[in-house]
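Peer 1: File coords-v9.tsv below, TSV, C-alpha atoms:
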```
chain	number	residue	atom	x	y	z
J	1	MET	CA	106.92	136.75	119.48
J	2	TYR	CA	107.41	138.13	122.92
J	3	ASN	CA	108.35	141.79	123.36
J	4	ALA	CA	110.11	141.78	120.00
J	5	ALA	CA	109.43	145.36	118.87
J	6	PRO	CA	113.08	146.28	118.19
J	7	TYR	CA	113.54	143.37	115.74
J	8	LEU	CA	110.08	142.63	114.42
J	9	CYS	CA	109.94	144.80	111.29
J	10	GLU	CA	113.20	143.42	109.96
J	11	CYS	CA	112.02	139.87	110.62
J	12	VAL	CA	108.58	140.29	109.03
J	13	ASP	CA	109.98	142.24	106.08
J	14	SER	CA	112.52	139.49	105.39
J	15	ILE	CA	109.76	136.88	105.30
J	16	LEU	CA	107.48	138.96	103.08
J	17	ALA	CA	110.42	139.53	100.67
J	18	GLN	CA	110.69	135.81	99.86
J	19	THR	CA	110.82	134.90	96.18
J	20	PHE	CA	108.37	132.10	97.07
J	21	THR	CA	105.10	133.90	97.82
J	22	ASP	CA	102.51	131.16	98.41
J	23	PHE	CA	102.67	131.03	102.20
J	24	GLU	CA	100.86	132.18	105.30
J	25	LEU	CA	102.73	134.06	108.00
J	26	LEU	CA	101.36	133.10	111.39
J	27	ILE	CA	102.58	135.31	114.19
J	28	VAL	CA	101.74	134.17	117.68
J	29	ASP	CA	102.02	136.92	120.24
J	30	ASP	CA	103.14	135.24	123.46
J	31	GLY	CA	101.71	137.90	125.79
J	32	SER	CA	103.89	140.84	124.73
J	33	THR	CA	103.69	144.01	126.78
J	34	ASP	CA	105.52	146.25	124.28
J	35	SER	CA	104.33	147.53	120.88
J	36	SER	CA	104.89	144.20	119.06
J	37	THR	CA	101.21	143.58	118.30
J	38	ASP	CA	100.78	147.15	117.00
J	39	ILE	CA	103.72	146.62	114.66
J	40	VAL	CA	102.20	143.42	113.25
J	41	ARG	CA	98.80	145.09	112.88
J	42	SER	CA	100.43	147.89	110.85
J	43	TYR	CA	101.07	145.43	108.00
J	44	SER	CA	98.30	145.06	105.42
J	45	ASP	CA	99.57	141.86	103.79
J	46	PRO	CA	96.73	139.28	103.73
J	47	ARG	CA	99.21	136.44	104.30
J	48	ILE	CA	99.81	137.64	107.86
J	49	ARG	CA	97.66	136.23	110.65
J	50	LEU	CA	98.21	137.47	114.19
J	51	ILE	CA	97.17	135.20	117.04
J	52	CYS	CA	97.32	136.69	120.54
J	53	ARG	CA	97.50	134.57	123.66
J	54	PRO	CA	98.80	134.75	127.24
J	55	HIS	CA	102.50	134.20	127.91
J	56	GLY	CA	103.53	130.55	127.68
J	57	PHE	CA	106.14	129.49	125.13
J	58	ILE	CA	105.15	125.83	124.64
J	59	GLU	CA	101.44	126.65	124.52
J	60	SER	CA	102.16	129.35	121.94
J	61	LEU	CA	104.04	126.88	119.75
J	62	ASN	CA	101.14	124.44	120.00
J	63	THR	CA	98.73	127.26	119.11
J	64	LEU	CA	100.83	128.00	116.05
J	65	LEU	CA	100.69	124.38	114.93
J	66	SER	CA	96.96	124.14	115.47
J	67	HIS	CA	96.28	127.23	113.32
J	68	ALA	CA	98.63	126.38	110.45
J	69	ARG	CA	96.88	125.58	107.18
J	70	GLY	CA	99.91	124.65	105.09
J	71	GLU	CA	101.58	121.32	104.60
J	72	TYR	CA	105.03	122.45	105.81
J	73	ILE	CA	106.09	124.77	108.62
J	74	ALA	CA	109.23	126.86	108.90
J	75	ARG	CA	109.52	128.30	112.41
J	76	MET	CA	111.43	131.47	113.18
J	77	ASP	CA	112.03	133.59	116.23
J	78	ALA	CA	111.02	137.24	116.06
J	79	ASP	CA	114.65	138.39	116.02
J	80	ASP	CA	115.61	136.18	113.04
J	81	ILE	CA	115.82	137.27	109.42
J	82	MET	CA	115.35	135.12	106.33
J	83	LEU	CA	117.38	135.49	103.15
J	84	PRO	CA	115.30	135.96	99.94
J	85	HIS	CA	115.39	132.38	98.59
J	86	PRO	CA	115.22	129.77	101.40
J	87	ALA	CA	111.47	129.19	101.19
J	88	SER	CA	111.64	128.57	97.45
J	89	GLU	CA	114.64	126.27	97.80
J	90	LEU	CA	113.03	124.38	100.67
J	91	GLY	CA	109.84	123.92	98.64
J	92	CYS	CA	111.81	122.44	95.74
J	93	ALA	CA	113.73	120.13	98.08
J	94	LEU	CA	110.55	118.94	99.77
J	95	THR	CA	108.87	118.26	96.43
J	96	HIS	CA	111.94	116.29	95.34
J	97	PHE	CA	111.97	114.26	98.56
J	98	ASN	CA	108.26	113.55	98.46
J	99	GLU	CA	108.58	112.26	94.90
J	100	LYS	CA	111.53	110.04	95.88
J	101	LYS	CA	109.95	109.06	99.21
J	102	CYS	CA	113.05	110.40	101.00
J	103	ASN	CA	115.31	107.56	99.89
J	104	ASP	CA	118.37	109.75	99.47
J	105	TYR	CA	117.91	112.44	102.12
J	106	ARG	CA	121.12	111.48	103.93
J	107	ARG	CA	123.31	112.35	100.94
J	108	SER	CA	121.65	115.71	100.35
J	109	GLY	CA	122.38	117.39	103.68
J	110	VAL	CA	118.68	118.21	104.01
J	111	PHE	CA	116.39	116.30	106.32
J	112	CYS	CA	113.14	114.82	105.08
J	113	LEU	CA	110.17	116.37	106.83
J	114	THR	CA	107.67	113.63	106.09
J	115	GLY	CA	109.15	111.19	108.59
J	116	SER	CA	108.49	108.31	106.18
J	117	GLN	CA	112.08	107.08	106.25
J	118	SER	CA	113.57	105.39	109.29
J	119	GLY	CA	115.75	107.89	111.12
J	120	ALA	CA	114.30	110.90	109.32
J	121	LYS	CA	113.95	114.04	111.36
J	122	SER	CA	110.87	116.17	111.35
```
Take the structure I supplied and represent it as structure tokens, if you would.
Peer 2:
Amino acid sequence: MYNAAPYLCECVDSILAQTFTDFELLIVDDGSTDSSTDIVRSYSDPRIRLICRPHGFIESLNTLLSHARGEYIARMDADDIMLPHPASELGCALTHFNEKKCNDYRRSGVFCLTGSQSGAKS
């Protein structure tokens, strides 16, 4: 996030409202000068981890990746919102693809994230 105070609560609330609840929410502050970090700190949800660093978009993305503990990553901007079911649906799709080794990802309209199939996108 970078100076995202006007949008941040709606974004974080939409993520925390997911029907799939086994996730960590990493929020990388990219050197914000507004109240964004205070807003994130106002949440008491243990799934939220705030990482503060100087401004630098690519470095912040790399920081996010290096701190992630999960197997899959869904990246959002601070002014995005997530509908209530995507994380659950994505988890089911990924489990299905991992079991099938991504053989039929082209027909599904969803890309395999394991990269084990030639031409798969990660």
Peer 1: List the spatial neighbours of range 22-29 of chain J as number ranges by chain - criterion: any atom at most 10 Å away, only C-alpha atoms, same-chain residues fewer than 2 positions off excluded.
Peer 2: J: 1-4, 12, 15-16, 18-20, 31-33, 36-37, 40, 45-57, 60-61, 63-65, 67-70, 72-78, 87-88
Peer 1: Nearest to Arg41 in chain J among J:Glu71, J:Ser66, J:Ile58, J:Leu8, with distances taken over only C-alpha atoms: which residue is it?
Peer 2: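 Between J:Glu71, J:Ser66, J:Ile58, J:Leu8, the residue approaching Arg41 in chain J most closely is J:Leu8.
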Peer 1: Can you tell me how far CA of Ser44 in chain J sits from CA of Glu59 in chain J, in Å to one decimal?
Peer 2: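 Result for CA of Ser44 in chain J versus CA of Glu59 in chain J: 26.7 Å, one decimal.
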Peer 1: Between J:Asn62, J:Leu83, J:Ile39, J:Asp34, which residue has the minimum interatomic distance to Cys9 in chain J, considering all atoms listed in the file?
Peer 2: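 Going through J:Asn62, J:Leu83, J:Ile39, J:Asp34 one by one, the smallest distance to Cys9 in chain J is for J:Ile39.
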